[in-house]
Amino acid sequence: SITEGGLTYSPHPEFIGITPDAKDSKVILFHDFDNHVPNNNSISGNHGNWVTGILGANTGNDEGVVGVFPNCRLMSIMHPSGGEAEDEIIFNWLAGLAAAFSSPAFKPVNSLGKDAPFINNNSWTYPSGYPAIGSALEQAIGNVAVYGRKGRGTLTFFASGNENGNVIIENTLGTHEKVIAVAATSIDDDGFTEIRAGYSNFGINNEIEFAAPGN
């Protein structure tokens with residue numbers, strides 16, 4: 001699942017149809033937690049498309065790029081604009097601890113069976129200098145790791161942030177003990193050495209678990 005600004009599904013060639021191995025539908029479900037509807041009809045910008053394309057864009061279609069995991073199935077979760085209270089709902093839903101909403105198509109995650117997400121990716125964070133998150137949201141994020149996929153756990157990834165600062169200060173979500181924080185890398189002037197991107201936040205005491213190409 002990709003928690004972002006939404007996904008352009010149709011007629012976007014990178015996300016339509018079935019997975020390249022012809023086993024399943026490419027996109028499982030859409031969940032708009034801003035408007036509480038089971039669609040992405042009101043996407044916010046293109047960042048969701050960019051992130052989703054890097055993760056899982058189709059292969060063999062002579063279009064754009066190939067995602068890192070082109071055979072993966074995708075669930076697009078539109079991130080709400082209401083702050084911690086609404087973010088708490090998303091994470092508790094991913095943990096299977098939040099009921100369905102009014103629409104029958106907006107299902108509890110535990111009813112999805114094999115379609116329940118194994119991984120939740122978040123390439124967003126709160127503004128620089130945001131205070132420590134509240135205990136309710138902190139608990140909800142932890143619930144995903146413990147109760148996701150009916151107790152088997154769901155991995156949660158967060159971008160470290162882009163302030164070129166200490167992730168502990170700049171990104172209170174990325175330093176959650178049950179979150180895997182990812183920094184961005186770039187190529188040094190020699191043309192092949194991979195280094196931290198100049199804008200990427202950094203860790204001091206192993207707060208960053210991974211780094212991946214960012215530009």
# chains A, B, ... in the order shown; residues from 1 in each chain; ligands from 1
>>> residues_around(residues="Ala140 (chain A)", least_positions_apart="6", cutoff="6 Å", atoms="only C-alpha atoms", output="compact mmCIF listing (two decimals) with C-alpha atoms, in the first residue's frame")
# COMPACT_ATOMS: atom_id res chain seq x y z
CA GLU A 88 -4.37 7.64 13.31
CA PHE A 91 -2.77 3.27 10.63
CA ASN A 92 -5.38 1.61 12.81
>>> residues_around(residues="Thr8 (chain A)", least_positions_apart="6", cutoff="12 Å", atoms="only C-alpha atoms", output="ChimeraX atom specification")
/A:14-16,27,30,39-53,76-78
>>> residues_around(residues="Ile119 (chain A)", least_positions_apart="4", cutoff="7 Å", atoms="only C-alpha atoms", output="list in words")
Ser1, Thr154, Leu155 and Thr156 of chain A
>>> select_by_dssp(residues="chain A", states="alpha helix (DSSP H)", output="PyMOL selection string")
chain A and resi 47-56+84-94+135-151+167-170
>>> residues_around(residues="Pro70 (chain A)", least_positions_apart="5", cutoff="10 Å", atoms="only C-alpha atoms", output="VMD selection string")
chain A and resid 14 to 15 19 to 21 26 53 to 60 65
>>> residues_around(residues="Phe158 (chain A)", least_positions_apart="2", cutoff="7 Å", atoms="only C-alpha atoms", output="list in words")
Asn121, Asn122, Ser123, Thr156, Ser160, Gly174, Val179, Ile180, Ala181 and Val182 of chain A
>>> write_last_selection(atoms="N, CA and C atoms", output="tab-separated table (two decimals), in the first residue's frame")
chain	number	residue	atom	x	y	z
A	121	ASN	N	4.04	2.07	2.42
A	121	ASN	CA	5.08	3.06	2.12
A	121	ASN	C	4.53	4.47	2.29
A	122	ASN	N	5.32	5.33	2.94
A	122	ASN	CA	4.92	6.71	3.19
A	122	ASN	C	6.05	7.65	2.79
A	123	SER	N	5.88	8.33	1.67
A	123	SER	CA	6.88	9.31	1.24
A	123	SER	C	6.41	10.72	1.59
A	156	THR	N	6.19	-0.92	7.85
A	156	THR	CA	5.89	0.48	7.57
A	156	THR	C	7.18	1.24	7.28
A	160	SER	N	12.93	9.72	5.21
A	160	SER	CA	13.58	10.41	6.32
A	160	SER	C	13.30	11.91	6.30
A	174	GLY	N	9.53	9.31	11.05
A	174	GLY	CA	10.57	8.40	10.60
A	174	GLY	C	11.37	7.77	11.72
A	179	VAL	N	9.00	1.87	12.75
A	179	VAL	CA	9.05	2.36	11.37
A	179	VAL	C	10.45	2.17	10.81
A	180	ILE	N	10.55	1.86	9.52
A	180	ILE	CA	11.82	1.77	8.82
A	180	ILE	C	12.02	3.08	8.06
A	181	ALA	N	13.06	3.84	8.43
A	181	ALA	CA	13.31	5.14	7.82
A	181	ALA	C	14.27	4.98	6.64
A	182	VAL	N	13.96	5.70	5.55
A	182	VAL	CA	14.75	5.60	4.32
A	182	VAL	C	15.26	6.98	3.93
>>> residues_around(residues="Gly161 (chain A)", least_positions_apart="2", cutoff="8 Å", atoms="only C-alpha atoms", output="mmCIF file with N, CA and C atoms, in the first residue's frame")
data_model
loop_
_atom_site.group_PDB
_atom_site.id
_atom_site.type_symbol
_atom_site.label_atom_id
_atom_site.label_comp_id
_atom_site.auth_asym_id
_atom_site.auth_seq_id
_atom_site.Cartn_x
_atom_site.Cartn_y
_atom_site.Cartn_z
ATOM 1 N N TRP A 124 5.906 10.874 2.776
ATOM 2 C CA TRP A 124 5.454 12.159 3.283
ATOM 3 C C TRP A 124 5.842 12.233 4.756
ATOM 4 N N THR A 125 5.819 13.394 5.298
ATOM 5 C CA THR A 125 6.044 13.568 6.724
ATOM 6 C C THR A 125 5.461 14.903 7.155
ATOM 7 N N ALA A 159 9.871 8.012 4.506
ATOM 8 C CA ALA A 159 11.009 8.791 4.043
ATOM 9 C C ALA A 159 11.603 9.556 5.220
ATOM 10 N N GLU A 163 15.223 17.940 4.727
ATOM 11 C CA GLU A 163 15.682 19.207 5.296
ATOM 12 C C GLU A 163 17.201 19.264 5.507
ATOM 13 N N ASN A 164 17.930 18.208 5.102
ATOM 14 C CA ASN A 164 19.379 18.144 5.328
ATOM 15 C C ASN A 164 19.693 18.338 6.807
ATOM 16 N N VAL A 167 17.393 13.632 11.545
ATOM 17 C CA VAL A 167 16.046 13.078 11.405
ATOM 18 C C VAL A 167 15.292 13.090 12.730
ATOM 19 N N GLU A 170 13.921 16.626 12.696
ATOM 20 C CA GLU A 170 13.142 17.027 11.526
ATOM 21 C C GLU A 170 11.961 16.110 11.222
ATOM 22 N N ASN A 171 11.989 14.868 11.685
ATOM 23 C CA ASN A 171 10.976 13.906 11.239
ATOM 24 C C ASN A 171 10.594 12.964 12.372
ATOM 25 N N ALA A 183 16.583 7.108 3.821
ATOM 26 C CA ALA A 183 17.203 8.347 3.360
ATOM 27 C C ALA A 183 17.405 8.282 1.851
ATOM 28 N N SER A 200 18.900 15.250 1.936
ATOM 29 C CA SER A 200 18.293 14.179 2.740
ATOM 30 C C SER A 200 18.644 14.322 4.213
ATOM 31 N N ASN A 201 17.654 14.093 5.071
ATOM 32 C CA ASN A 201 17.934 14.044 6.500
ATOM 33 C C ASN A 201 18.816 12.844 6.821
#
>>> select_by_dssp(residues="region 19-202 of chain A", states="strand (DSSP E or B)", output="PyMOL selection string")
chain A and resi 25+27-32+37+74-78+119-122+155-159+166+180-187+194-196+202
>>> closest_residue(among="A:Gly165, A:Pro13, A:Pro213, A:Gly142", to="Tyr199 (chain A)", atoms="only C-alpha atoms")
A:Gly165
>>> atom_distance(atom1="CA of Gly96 (chain A)", atom2="CA of Phe118 (chain A)")
12.7 Å
>>> closest_residue(among="A:Gly151, A:Pro11, A:Pro108, A:Gly198", to="Asn215 (chain A)", atoms="only C-alpha atoms")
A:Gly198
>>> residues_around(residues="Ser186 (chain A)", least_positions_apart="4", cutoff="9 Å", atoms="only C-alpha atoms", output="PyMOL selection string")
chain A and resi 193-198+212-215
>>> closest_residue(among="A:Ile141, A:Ala85, A:Ile90, A:Val109", to="Leu173 (chain A)", atoms="only C-alpha atoms")
A:Ile141
>>> atom_distance(atom1="CA of Phe157 (chain A)", atom2="CA of Gly113 (chain A)")
21.7 Å
>>> closest_residue(among="A:Gly129, A:Gly203, A:Gly148, A:Gly67", to="Ala116 (chain A)", atoms="only C-alpha atoms")
A:Gly148
>>> atom_distance(atom1="CA of Ala145 (chain A)", atom2="CA of Ile28 (chain A)")
21.0 Å
>>> closest_residue(among="A:Thr185, A:Lys107, A:Thr172, A:Leu94", to="Val144 (chain A)", atoms="only C-alpha atoms")
A:Leu94
>>> closest_residue(among="A:Asn35, A:Asn143, A:Asn61, A:Ser135", to="Trp93 (chain A)", atoms="only C-alpha atoms")
A:Asn143
